[in-house]
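Q: Coordinates in coords22.tsv, TSV, C-alpha atoms, are listed below.
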```
chain	number	residue	atom	x	y	z
A	1	MET	CA	32.87	-11.74	0.00
A	2	ASN	CA	29.08	-11.76	0.53
A	3	ASN	CA	27.10	-9.07	2.33
A	4	GLU	CA	26.75	-11.06	5.56
A	5	ILE	CA	30.52	-11.42	5.91
A	6	LYS	CA	31.02	-7.74	5.04
A	7	ASN	CA	28.54	-6.72	7.74
A	8	LYS	CA	30.22	-8.92	10.35
A	9	ILE	CA	33.65	-7.54	9.44
A	10	LEU	CA	32.32	-3.98	9.63
A	11	THR	CA	30.81	-4.72	13.06
A	12	MET	CA	34.13	-6.08	14.35
A	13	LYS	CA	35.97	-3.02	13.05
A	14	GLY	CA	33.47	-0.74	14.76
A	15	PHE	CA	33.78	-2.68	18.01
A	16	TYR	CA	37.57	-2.39	18.08
A	17	LEU	CA	37.47	1.27	17.06
A	18	LEU	CA	35.07	2.27	19.84
A	19	THR	CA	36.48	0.01	22.55
A	20	PHE	CA	40.00	1.33	22.10
A	21	PHE	CA	38.69	4.87	21.71
A	22	GLY	CA	37.23	4.45	25.20
A	23	VAL	CA	40.48	3.06	26.61
A	24	GLY	CA	42.49	5.82	24.93
A	25	SER	CA	40.11	8.45	26.34
A	26	LEU	CA	40.49	7.28	29.93
A	27	TYR	CA	43.79	5.68	30.90
A	28	PRO	CA	46.42	8.03	29.41
A	29	LEU	CA	44.67	10.96	31.17
A	30	LEU	CA	43.38	9.31	34.36
A	31	SER	CA	46.62	9.81	36.29
A	32	VAL	CA	46.61	13.52	35.34
A	33	TYR	CA	42.97	13.83	36.50
A	34	LEU	CA	43.69	12.12	39.83
A	35	SER	CA	46.68	14.40	40.41
A	36	GLU	CA	45.46	17.80	39.24
A	37	VAL	CA	41.71	17.57	39.97
A	38	GLU	CA	41.44	15.17	42.90
A	39	HIS	CA	44.90	16.01	44.35
A	40	LEU	CA	45.85	12.42	45.16
A	41	SER	CA	49.42	11.61	46.19
A	42	GLY	CA	51.87	9.76	43.97
A	43	TYR	CA	51.40	6.59	46.00
A	44	GLN	CA	47.61	6.83	45.75
A	45	ILE	CA	47.72	7.47	41.99
A	46	GLY	CA	50.09	4.54	41.51
A	47	SER	CA	47.78	2.27	43.51
A	48	VAL	CA	44.73	3.19	41.41
A	49	MET	CA	46.61	2.89	38.11
A	50	SER	CA	48.09	-0.52	39.00
A	51	ILE	CA	44.66	-2.09	39.56
A	52	SER	CA	43.98	-2.80	35.89
A	53	PRO	CA	47.09	-4.89	35.03
A	54	ILE	CA	46.82	-6.80	38.32
A	55	MET	CA	43.16	-7.62	37.67
A	56	MET	CA	44.06	-8.77	34.16
A	57	ILE	CA	46.46	-11.35	35.56
A	58	PHE	CA	43.78	-13.06	37.61
A	59	PHE	CA	40.51	-12.44	35.80
A	60	GLN	CA	41.29	-12.60	32.07
A	61	PRO	CA	41.73	-16.39	32.23
A	62	VAL	CA	38.51	-16.67	34.27
A	63	TRP	CA	36.47	-14.83	31.61
A	64	GLY	CA	38.00	-17.00	28.91
A	65	MET	CA	37.08	-20.17	30.80
A	66	ILE	CA	33.53	-18.88	31.35
A	67	ALA	CA	33.21	-18.10	27.62
A	68	ASP	CA	34.45	-21.60	26.71
A	69	ALA	CA	32.39	-23.39	29.37
A	70	THR	CA	29.14	-21.64	28.42
A	71	ASN	CA	29.96	-21.56	24.70
A	72	SER	CA	28.62	-17.98	24.77
A	73	PRO	CA	31.56	-15.60	24.17
A	74	VAL	CA	29.30	-12.97	22.54
A	75	LYS	CA	27.01	-12.87	25.57
A	76	VAL	CA	29.98	-12.68	27.97
A	77	LEU	CA	31.52	-9.88	25.89
A	78	THR	CA	28.28	-7.88	25.69
A	79	ILE	CA	27.61	-7.99	29.43
A	80	THR	CA	31.18	-7.23	30.54
A	81	THR	CA	31.58	-4.35	28.07
A	82	LEU	CA	28.34	-2.74	29.23
A	83	LEU	CA	29.15	-3.12	32.95
A	84	ALA	CA	32.69	-1.74	32.54
A	85	GLY	CA	31.23	1.37	30.92
A	86	ILE	CA	28.55	1.85	33.56
A	87	PHE	CA	30.88	1.47	36.55
A	88	SER	CA	33.34	3.99	35.09
A	89	LEU	CA	30.84	6.76	35.84
A	90	GLY	CA	31.64	6.20	39.51
A	91	TYR	CA	34.71	8.41	38.99
A	92	VAL	CA	32.35	11.33	38.34
A	93	PHE	CA	30.15	10.84	41.41
A	94	PHE	CA	32.67	9.83	44.08
A	95	HIS	CA	35.76	11.79	45.08
A	96	THR	CA	37.80	9.94	47.69
A	97	TYR	CA	40.82	7.69	47.35
A	98	TYR	CA	39.13	4.54	48.63
A	99	TRP	CA	36.15	5.04	46.34
A	100	PHE	CA	38.53	5.43	43.41
A	101	LEU	CA	40.20	2.14	44.33
A	102	PHE	CA	36.82	0.40	44.52
A	103	ILE	CA	35.68	1.86	41.18
A	104	ALA	CA	38.99	0.92	39.53
A	105	ILE	CA	38.52	-2.68	40.72
A	106	LEU	CA	34.96	-2.87	39.35
A	107	VAL	CA	35.89	-1.37	35.98
A	108	ALA	CA	38.99	-3.58	35.62
A	109	LEU	CA	37.05	-6.70	36.64
A	110	PHE	CA	34.75	-6.45	33.63
A	111	GLN	CA	37.11	-4.64	31.26
A	112	SER	CA	39.60	-7.50	31.61
A	113	ALA	CA	37.24	-9.67	29.53
A	114	ILE	CA	36.81	-7.29	26.59
A	115	ILE	CA	40.01	-7.56	24.55
A	116	PRO	CA	40.83	-11.29	24.93
A	117	VAL	CA	37.24	-12.49	24.39
A	118	SER	CA	36.74	-10.19	21.38
A	119	ASP	CA	40.11	-11.34	20.00
A	120	SER	CA	39.03	-14.96	20.38
A	121	ILE	CA	35.77	-14.29	18.49
A	122	SER	CA	37.58	-12.34	15.75
A	123	LEU	CA	40.34	-14.91	15.31
A	124	THR	CA	37.88	-17.78	14.99
A	125	TYR	CA	35.70	-15.95	12.49
A	126	THR	CA	38.46	-14.44	10.33
A	127	SER	CA	40.18	-17.82	10.14
A	128	ARG	CA	36.97	-19.44	8.89
A	129	VAL	CA	36.15	-16.78	6.29
A	130	ARG	CA	39.83	-16.23	5.39
A	131	VAL	CA	40.08	-12.53	6.22
A	132	ASN	CA	43.25	-10.88	7.57
A	133	TYR	CA	42.77	-10.42	11.32
A	134	GLY	CA	45.31	-7.56	11.35
A	135	SER	CA	43.17	-5.51	8.94
A	136	ILE	CA	40.41	-5.58	11.58
A	137	ARG	CA	42.52	-5.18	14.71
A	138	LEU	CA	44.20	-2.05	13.31
A	139	TYR	CA	40.97	-0.14	13.99
A	140	GLY	CA	41.77	-0.54	17.69
A	141	SER	CA	45.05	1.32	17.21
A	142	LEU	CA	43.23	3.98	15.18
A	143	GLY	CA	40.64	4.46	17.93
A	144	PHE	CA	43.28	4.69	20.65
A	145	GLY	CA	45.42	7.17	18.71
A	146	VAL	CA	42.51	9.44	17.84
A	147	ALA	CA	41.22	9.34	21.43
A	148	VAL	CA	44.55	10.34	22.99
A	149	PHE	CA	44.86	13.28	20.61
A	150	VAL	CA	41.23	14.50	20.73
A	151	MET	CA	40.47	13.88	24.41
A	152	GLY	CA	43.74	15.49	25.48
A	153	ARG	CA	42.50	18.73	23.99
A	154	LEU	CA	38.88	18.41	25.13
A	155	SER	CA	39.89	17.56	28.71
A	156	GLU	CA	41.43	21.02	28.99
A	157	LEU	CA	37.86	22.37	28.79
A	158	ASN	CA	36.28	19.76	31.09
A	159	GLU	CA	38.40	17.17	32.90
A	160	SER	CA	35.44	14.81	33.54
A	161	ILE	CA	34.82	14.35	29.82
A	162	ILE	CA	37.23	11.41	29.78
A	163	PHE	CA	34.79	9.35	31.88
A	164	TYR	CA	31.76	10.23	29.75
A	165	ALA	CA	33.73	9.35	26.61
A	166	PHE	CA	34.73	5.97	28.08
A	167	PHE	CA	31.15	5.27	29.16
A	168	SER	CA	29.62	6.26	25.80
A	169	ALA	CA	32.16	4.32	23.74
A	170	LEU	CA	31.69	1.12	25.75
A	171	VAL	CA	27.89	1.29	25.78
A	172	ILE	CA	27.85	1.58	21.98
A	173	SER	CA	30.46	-1.21	21.81
A	174	ALA	CA	28.18	-3.43	23.92
A	175	VAL	CA	25.39	-2.88	21.38
A	176	LEU	CA	27.77	-3.79	18.55
A	177	ALA	CA	28.91	-6.87	20.48
A	178	THR	CA	25.42	-8.36	20.19
A	179	ARG	CA	25.93	-8.45	16.41
A	180	LEU	CA	29.34	-10.13	16.44
A	181	PRO	CA	29.71	-13.61	14.86
A	182	ARG	CA	28.43	-16.50	16.98
A	183	GLU	CA	30.81	-19.31	16.15
A	184	LYS	CA	29.59	-22.75	17.14
A	185	THR	CA	32.08	-24.97	19.00
A	186	THR	CA	31.83	-28.09	21.10
A	187	GLY	CA	32.49	-25.99	24.22
A	188	ASN	CA	34.51	-27.04	27.24
A	189	LYS	CA	32.31	-27.83	30.20
A	190	GLN	CA	35.23	-28.97	32.38
A	191	ILE	CA	36.93	-25.67	33.18
A	192	LEU	CA	39.83	-27.03	35.24
A	193	SER	CA	40.58	-29.74	32.69
A	194	GLY	CA	40.78	-27.00	30.05
A	195	ILE	CA	43.47	-25.21	32.05
A	196	LYS	CA	45.39	-28.45	32.54
A	197	GLU	CA	45.14	-29.23	28.84
A	198	ILE	CA	46.40	-25.85	27.67
A	199	LEU	CA	49.25	-25.73	30.19
A	200	SER	CA	50.46	-29.13	28.97
A	201	VAL	CA	51.33	-27.62	25.57
A	202	LYS	CA	55.06	-26.85	25.83
A	203	ARG	CA	55.07	-24.44	22.91
A	204	PHE	CA	52.26	-22.47	24.58
A	205	ILE	CA	54.24	-22.10	27.82
A	206	LEU	CA	57.37	-21.01	25.95
A	207	PHE	CA	55.43	-18.48	23.89
A	208	LEU	CA	53.91	-17.05	27.08
A	209	LEU	CA	57.45	-16.39	28.30
A	210	ILE	CA	58.38	-14.78	24.97
A	211	THR	CA	55.30	-12.53	25.19
A	212	PHE	CA	56.19	-11.61	28.77
A	213	LEU	CA	59.71	-10.57	27.72
A	214	ILE	CA	58.94	-8.78	24.44
A	215	PHE	CA	55.40	-7.44	24.73
A	216	GLY	CA	55.44	-6.56	28.45
A	217	PRO	CA	58.03	-3.79	27.96
A	218	ASN	CA	56.10	-2.47	24.95
A	219	LEU	CA	53.09	-1.89	27.20
A	220	ALA	CA	55.20	-0.52	30.06
A	221	ASN	CA	56.66	1.97	27.58
A	222	ASN	CA	53.26	3.74	27.59
A	223	VAL	CA	54.04	4.77	31.17
A	224	TYR	CA	57.65	5.89	30.64
A	225	PHE	CA	57.70	7.19	27.07
A	226	GLY	CA	56.26	10.56	28.13
A	227	LEU	CA	58.93	10.93	30.81
A	228	PHE	CA	61.58	9.99	28.23
A	229	VAL	CA	60.38	12.59	25.71
A	230	GLU	CA	60.11	15.21	28.47
A	231	ASP	CA	63.67	14.48	29.64
A	232	ARG	CA	64.92	15.04	26.09
A	233	GLY	CA	63.25	18.49	26.08
A	234	GLY	CA	59.78	17.71	24.76
A	235	SER	CA	56.67	19.67	25.84
A	236	TYR	CA	53.25	18.19	26.70
A	237	THR	CA	52.21	18.85	23.12
A	238	GLY	CA	55.37	17.12	21.95
A	239	ILE	CA	54.59	14.10	24.12
A	240	GLY	CA	51.11	13.90	22.57
A	241	ILE	CA	52.53	14.12	19.05
A	242	ALA	CA	55.10	11.40	19.80
A	243	PHE	CA	52.37	9.11	21.18
A	244	LEU	CA	50.15	9.82	18.17
A	245	ILE	CA	52.94	8.94	15.71
A	246	ALA	CA	53.78	5.77	17.65
A	247	VAL	CA	50.20	4.48	17.92
A	248	LEU	CA	49.07	5.36	14.40
A	249	SER	CA	52.20	3.72	12.96
A	250	GLU	CA	50.78	0.38	14.09
A	251	ILE	CA	48.00	0.61	11.50
A	252	PRO	CA	49.95	-0.01	8.25
A	253	PHE	CA	51.94	-2.83	9.84
A	254	MET	CA	48.77	-4.56	11.05
A	255	ARG	CA	47.32	-4.22	7.57
A	256	MET	CA	50.43	-5.75	5.99
A	257	SER	CA	50.86	-8.44	8.64
A	258	GLY	CA	48.58	-10.95	6.92
A	259	GLY	CA	50.63	-11.05	3.73
A	260	TRP	CA	53.93	-11.14	5.58
A	261	ILE	CA	52.74	-14.00	7.78
A	262	GLN	CA	51.72	-16.03	4.74
A	263	ARG	CA	55.13	-15.49	3.13
A	264	VAL	CA	57.49	-16.06	6.07
A	265	GLY	CA	55.39	-17.62	8.86
A	266	LEU	CA	54.07	-16.58	12.27
A	267	LEU	CA	57.14	-17.03	14.48
A	268	PRO	CA	59.57	-15.23	12.12
A	269	ILE	CA	57.21	-12.22	12.21
A	270	VAL	CA	57.17	-12.37	16.02
A	271	ALA	CA	60.99	-12.52	15.95
A	272	LEU	CA	61.08	-9.46	13.67
A	273	ALA	CA	58.81	-7.57	16.07
A	274	GLY	CA	61.09	-8.53	18.96
A	275	ILE	CA	64.23	-7.42	17.12
A	276	VAL	CA	62.66	-4.05	16.28
A	277	SER	CA	61.72	-3.64	19.96
A	278	LEU	CA	65.21	-4.35	21.29
A	279	VAL	CA	66.78	-2.04	18.68
A	280	ARG	CA	64.38	0.71	19.73
A	281	TRP	CA	65.07	0.27	23.47
A	282	PHE	CA	68.87	0.18	23.08
A	283	PHE	CA	68.64	3.21	20.80
A	284	TYR	CA	66.73	5.16	23.47
A	285	PHE	CA	69.42	4.19	26.00
A	286	THR	CA	71.93	6.20	23.91
A	287	GLU	CA	70.02	9.47	24.69
A	288	PRO	CA	69.11	10.47	21.10
A	289	SER	CA	67.96	13.97	20.13
A	290	LEU	CA	64.29	14.89	20.32
A	291	SER	CA	63.87	15.19	16.55
A	292	ILE	CA	65.24	11.68	16.04
A	293	ILE	CA	62.90	10.36	18.74
A	294	TYR	CA	59.91	11.70	16.79
A	295	VAL	CA	61.16	10.07	13.62
A	296	SER	CA	61.91	6.75	15.36
A	297	ALA	CA	58.47	6.58	17.02
A	298	PHE	CA	57.22	4.72	13.96
A	299	LEU	CA	59.23	1.71	15.14
A	300	GLN	CA	56.36	1.01	17.54
A	301	GLY	CA	54.28	0.14	14.49
A	302	ALA	CA	56.66	-2.64	13.49
A	303	SER	CA	57.03	-3.99	17.02
A	304	VAL	CA	53.45	-3.80	18.33
A	305	GLY	CA	51.64	-3.83	14.98
A	306	LEU	CA	53.28	-7.08	13.93
A	307	PHE	CA	53.46	-8.81	17.31
A	308	ILE	CA	49.73	-8.55	18.14
A	309	PRO	CA	48.26	-10.32	15.07
A	310	ALA	CA	51.12	-12.82	14.72
A	311	GLY	CA	51.12	-13.71	18.41
A	312	LEU	CA	47.37	-14.23	18.63
A	313	GLN	CA	47.27	-16.32	15.46
A	314	TYR	CA	50.13	-18.49	16.74
A	315	ILE	CA	48.26	-19.11	20.01
A	316	ARG	CA	45.16	-20.14	18.06
A	317	GLU	CA	47.22	-22.40	15.80
A	318	ILE	CA	48.85	-24.41	18.60
A	319	THR	CA	45.81	-24.82	20.91
A	320	PRO	CA	42.68	-27.02	20.59
A	321	LYS	CA	39.58	-25.24	19.25
A	322	HIS	CA	37.37	-26.04	22.24
A	323	ILE	CA	39.60	-24.01	24.58
A	324	THR	CA	40.50	-21.12	22.27
A	325	ALA	CA	39.02	-18.42	24.54
A	326	THR	CA	40.78	-19.91	27.57
A	327	ALA	CA	44.11	-19.98	25.71
A	328	VAL	CA	43.76	-16.40	24.41
A	329	THR	CA	42.82	-15.00	27.83
A	330	ILE	CA	45.70	-16.78	29.60
A	331	TYR	CA	48.01	-15.47	26.91
A	332	SER	CA	46.61	-11.95	27.34
A	333	ALA	CA	46.88	-12.16	31.14
A	334	ILE	CA	50.59	-12.98	30.91
A	335	GLY	CA	51.48	-10.40	28.26
A	336	ASN	CA	49.03	-7.58	28.99
A	337	GLY	CA	48.74	-8.25	32.70
A	338	PHE	CA	51.75	-9.80	34.38
A	339	GLY	CA	54.30	-8.74	31.74
A	340	ASN	CA	53.01	-5.19	31.82
A	341	TRP	CA	52.97	-5.05	35.64
A	342	PHE	CA	56.44	-6.59	36.06
A	343	SER	CA	58.09	-4.35	33.46
A	344	THR	CA	56.38	-1.24	34.83
A	345	PHE	CA	57.16	-2.08	38.47
A	346	VAL	CA	60.84	-2.97	37.98
A	347	ALA	CA	61.32	-0.04	35.59
A	348	GLY	CA	59.95	2.26	38.31
A	349	ILE	CA	62.60	1.05	40.76
A	350	ILE	CA	65.31	1.51	38.13
A	351	PHE	CA	64.02	5.00	37.29
A	352	ASP	CA	64.14	6.05	40.97
A	353	ARG	CA	67.70	4.79	41.45
A	354	PHE	CA	69.23	5.64	38.08
A	355	THR	CA	67.77	7.45	35.01
A	356	ILE	CA	65.01	7.06	32.45
A	357	TYR	CA	67.66	5.80	30.01
A	358	SER	CA	68.48	2.89	32.32
A	359	VAL	CA	64.81	1.91	32.07
A	360	TYR	CA	65.22	1.41	28.35
A	361	LEU	CA	68.40	-0.59	28.86
A	362	PHE	CA	66.32	-2.91	31.08
A	363	PHE	CA	63.62	-3.14	28.38
A	364	GLY	CA	66.30	-3.95	25.80
A	365	ILE	CA	67.76	-6.78	27.88
A	366	LEU	CA	64.29	-8.33	28.32
A	367	ALA	CA	63.60	-8.08	24.58
A	368	PHE	CA	66.99	-9.63	23.77
A	369	ILE	CA	66.23	-12.68	25.92
A	370	GLY	CA	62.78	-12.89	24.32
A	371	VAL	CA	64.25	-12.91	20.80
A	372	ILE	CA	66.70	-15.68	21.74
A	373	LEU	CA	63.83	-17.80	23.09
A	374	ASN	CA	61.83	-17.04	19.95
A	375	ILE	CA	64.64	-18.37	17.76
A	376	TRP	CA	64.74	-21.50	19.93
A	377	LEU	CA	60.96	-21.93	19.49
A	378	ILE	CA	61.33	-21.58	15.70
A	379	LYS	CA	63.85	-24.45	15.76
A	380	MET	CA	61.49	-26.52	17.95
A	381	ASP	CA	58.67	-25.98	15.47
A	382	LYS	CA	60.85	-26.99	12.54
A	383	LYS	CA	61.90	-30.21	14.28
A	384	SER	CA	58.26	-30.94	15.09
A	385	HIS	CA	57.20	-30.45	11.45
A	386	ILE	CA	60.07	-32.65	10.21
A	387	SER	CA	59.10	-35.41	12.66
A	388	LYS	CA	55.45	-35.27	11.54
A	389	GLU	CA	56.49	-35.48	7.87
A	390	LEU	CA	58.67	-38.52	8.54
A	391	ILE	CA	55.86	-40.24	10.43
A	392	ALA	CA	53.41	-39.45	7.61
A	393	ARG	CA	55.77	-40.89	4.98
A	394	ASN	CA	56.32	-44.10	6.96
```
Could you render the structure from this file as structure tokens?
A:
Amino acid sequence: MNNEIKNKILTMKGFYLLTFFGVGSLYPLLSVYLSEVEHLSGYQIGSVMSISPIMMIFFQPVWGMIADATNSPVKVLTITTLLAGIFSLGYVFFHTYYWFLFIAILVALFQSAIIPVSDSISLTYTSRVRVNYGSIRLYGSLGFGVAVFVMGRLSELNESIIFYAFFSALVISAVLATRLPREKTTGNKQILSGIKEILSVKRFILFLLITFLIFGPNLANNVYFGLFVEDRGGSYTGIGIAFLIAVLSEIPFMRMSGGWIQRVGLLPIVALAGIVSLVRWFFYFTEPSLSIIYVSAFLQGASVGLFIPAGLQYIREITPKHITATAVTIYSAIGNGFGNWFSTFVAGIIFDRFTIYSVYLFFGILAFIGVILNIWLIKMDKKSHISKELIARN
């Protein structure tokens, strides 16, 4: 590996580390800030917190299409990262519910571009230079885990520090973004035709549904896991420790994902991640003891840490190169946006009417359906490969 590649890889690692540090500084603590400092009602807090996943659904595909149409993903990423950081300071200067809604919309509008566009750049580059994408993406998990732990303590001294941390991390990330690899592609000037082309790929549509069912609950768990730990007798410190174990456990699995994918394939790894998820959710439904919950938190590493790199690489493998950013952002909008929102929303209704344990039964049922569909997709892929081999021989 030459020095140029090493520098690009180091830049990508730094970008993921700082971007996720910013996200980990803000969102896990924003609801607490809005409640304890600004004294918003539960409905108002829920409205502000739901802005981000809703915006992802609609705007992540738009940013991907803009990146493909202009053939300038690095420029799009730099601008959106910088603007998301700048607008976040609005939380410091304005203190009414409607201003918070407006600020949340502005931040989410530009933040919705960051992860899918950076993933598209990283996937394209790592595939070309033959570097394990998971070994780079794991720095995002590291940044998030460190931020939740450190900022939770610092925010006890000054609650507004979470906004300054988000702003600082994203401004530095924007600077790093200017140094990310600029991969040359043919581009896709016809935006609507790109959408039509990607939605005509049956395997893509099926994998979107699998992501919705398996990965959506994993993201929604970030909302309910604290309530689950608290119900089992955990303190605020205990909740922080459980989150730290869960997030940091993603790192070794992301590092190992490349080798595992080469040995068994992309979809089997996705299936493994789905199986681990459903086992974890059904296990939580049985109301385990607090000590066992801490020990089992590492299961998040196997579910999330394997699903992210395998899922993204599968999307890149089955879609044309000239619409990679569009494909990745649509995929992210379904999993991170719609899947997250649906699982969180329905789980909230279940939690109100039943118990936190029923929420995890719901998550388990979704994951089970996702695993079944994943097995079906594996069979579809095998039939497709067999057909291509027969055609090639004839």
Q: So, counting only C-alpha atoms, which residue among A:Ile205, A:Ala84, A:Pro116, A:Phe100 is closest to A:Val62?
A: A:Pro116
Q: Out of A:Gln111, A:Ser155, A:Glu38, A:Phe225, which residue has the shortest atom-to-atom distance to A:Trp99 when counting all atoms listed in the file?
A: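 With all atoms listed in the file as the atom set, the closest residue is A:Glu38.
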Q: Would you mind listing, for every residue of stretch 106-214 of chain A within 6 Å of stretch 255-278 of chain A, the two atoms forming the shortest contact and the distance between them in Å to one decimal, using only C-alpha atoms, sorted by chain and ascending residue number, as a Markdown table?
A:
```
| residue | atom | partner | partner_atom | distance |
| --- | --- | --- | --- | --- |
| A:Asn132 | CA | A:Gly258 | CA | 5.4 |
| A:Gly134 | CA | A:Arg255 | CA | 5.4 |
| A:Ser135 | CA | A:Arg255 | CA | 4.6 |
| A:Ile214 | CA | A:Gly274 | CA | 5.9 |
```
Q: Would you export the selected residues with C-alpha atoms as an mmCIF file, in the coordinates of the input, please?
A:
```
data_model
loop_
_atom_site.group_PDB
_atom_site.id
_atom_site.type_symbol
_atom_site.label_atom_id
_atom_site.label_comp_id
_atom_site.auth_asym_id
_atom_site.auth_seq_id
_atom_site.Cartn_x
_atom_site.Cartn_y
_atom_site.Cartn_z
ATOM 1 C CA ASN A 132 43.250 -10.880 7.570
ATOM 2 C CA GLY A 134 45.310 -7.560 11.350
ATOM 3 C CA SER A 135 43.170 -5.510 8.940
ATOM 4 C CA ILE A 214 58.940 -8.780 24.440
#
```
Q: Given only C-alpha atoms as the basis, pick out the residue of A:Phe253, A:Tyr357, A:Phe351, A:Phe345 nearest to A:Phe282.
A: A:Tyr357
Q: Using all atoms listed in the file, determine which residues lie at most 9 Å from A:Thr211, disregarding the query and same-chain residues fewer than 2 positions distant; provide the list as a list in words.
A: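 What passes the distance filter is Leu206, Phe207, Leu208, Leu209, Leu213, Ile214, Phe215, Gly216, Phe307, Gly311, Tyr331, Ser332, Ile334, Gly335, Asn336, Gly339 and Gly370 of chain A.
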Q: Determine, counting all atoms listed in the file, which protein, DNA and RNA residues have an atom within 9 Å of an atom of A:Ser249; residues of the same chain fewer than 2 positions away are not included. Present the result as a PyMOL selection string.
A: chain A and resi 141+244-247+251-253+297-302+305
Q: Please report the interatomic distance between atom CA of A:Ser72 and atom CA of A:His322 in Å with one decimal.
A: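 Here the two named atoms are 12.2 Å from each other.
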Q: Go through A:Gly145, A:Thr126, A:Arg153, A:Gly46 and flag the residue nearest A:Ala104, using only C-alpha atoms for the distances.
A: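 Closest to A:Ala104, using only C-alpha atoms: A:Gly46.
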Q: One number please: atom CA of A:Phe228 to atom CA of A:Phe342, in Å, one decimal.
A: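 Value for the atom CA of A:Phe228-atom CA of A:Phe342 distance: 19.0 Å.
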Q: Give me, as CSV, the closest atom pair and its distance (Å, one decimal) for every residue of stretch 82-131 of chain A within a cut-off of 10 Å of stretch 13-37 of chain A, counting only C-alpha atoms, rows sorted by chain and rising number.
A:
```
residue,atom,partner,partner_atom,distance
A:Gly85,CA,A:Gly22,CA,8.8
A:Ser88,CA,A:Leu26,CA,9.4
A:Tyr91,CA,A:Leu34,CA,9.8
A:His95,CA,A:Leu34,CA,9.5
A:Tyr97,CA,A:Leu34,CA,9.2
A:Phe100,CA,A:Leu34,CA,9.2
A:Gln111,CA,A:Val23,CA,9.6
A:Ile114,CA,A:Thr19,CA,8.3
A:Ile115,CA,A:Thr19,CA,8.6
A:Ser118,CA,A:Tyr16,CA,8.5
A:Asp119,CA,A:Tyr16,CA,9.5
A:Ser122,CA,A:Lys13,CA,9.8
```
Q: May I have the residues within 10 Å of A:Leu109 as a PyMOL selection string, using only C-alpha atoms and disregarding those fewer than 3 positions away in the same chain?
A: chain A and resi 51-52+54-56+58-60+63+80+83-84+103-106+112-113
Q: Rounded to one decimal in Å, what is the spacing between atom CA of A:Tyr224 and atom CA of A:Glu287?
A: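 Separation between atom CA of A:Tyr224 and atom CA of A:Glu287: 14.2 Å.
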Q: Using only C-alpha atoms, find the one residue out of A:Ile323, A:Ile292, A:Ile136, A:Asn374 that sits nearest to A:Lys6.
A: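 Checking each candidate against A:Lys6, we get A:Ile136 as the closest.
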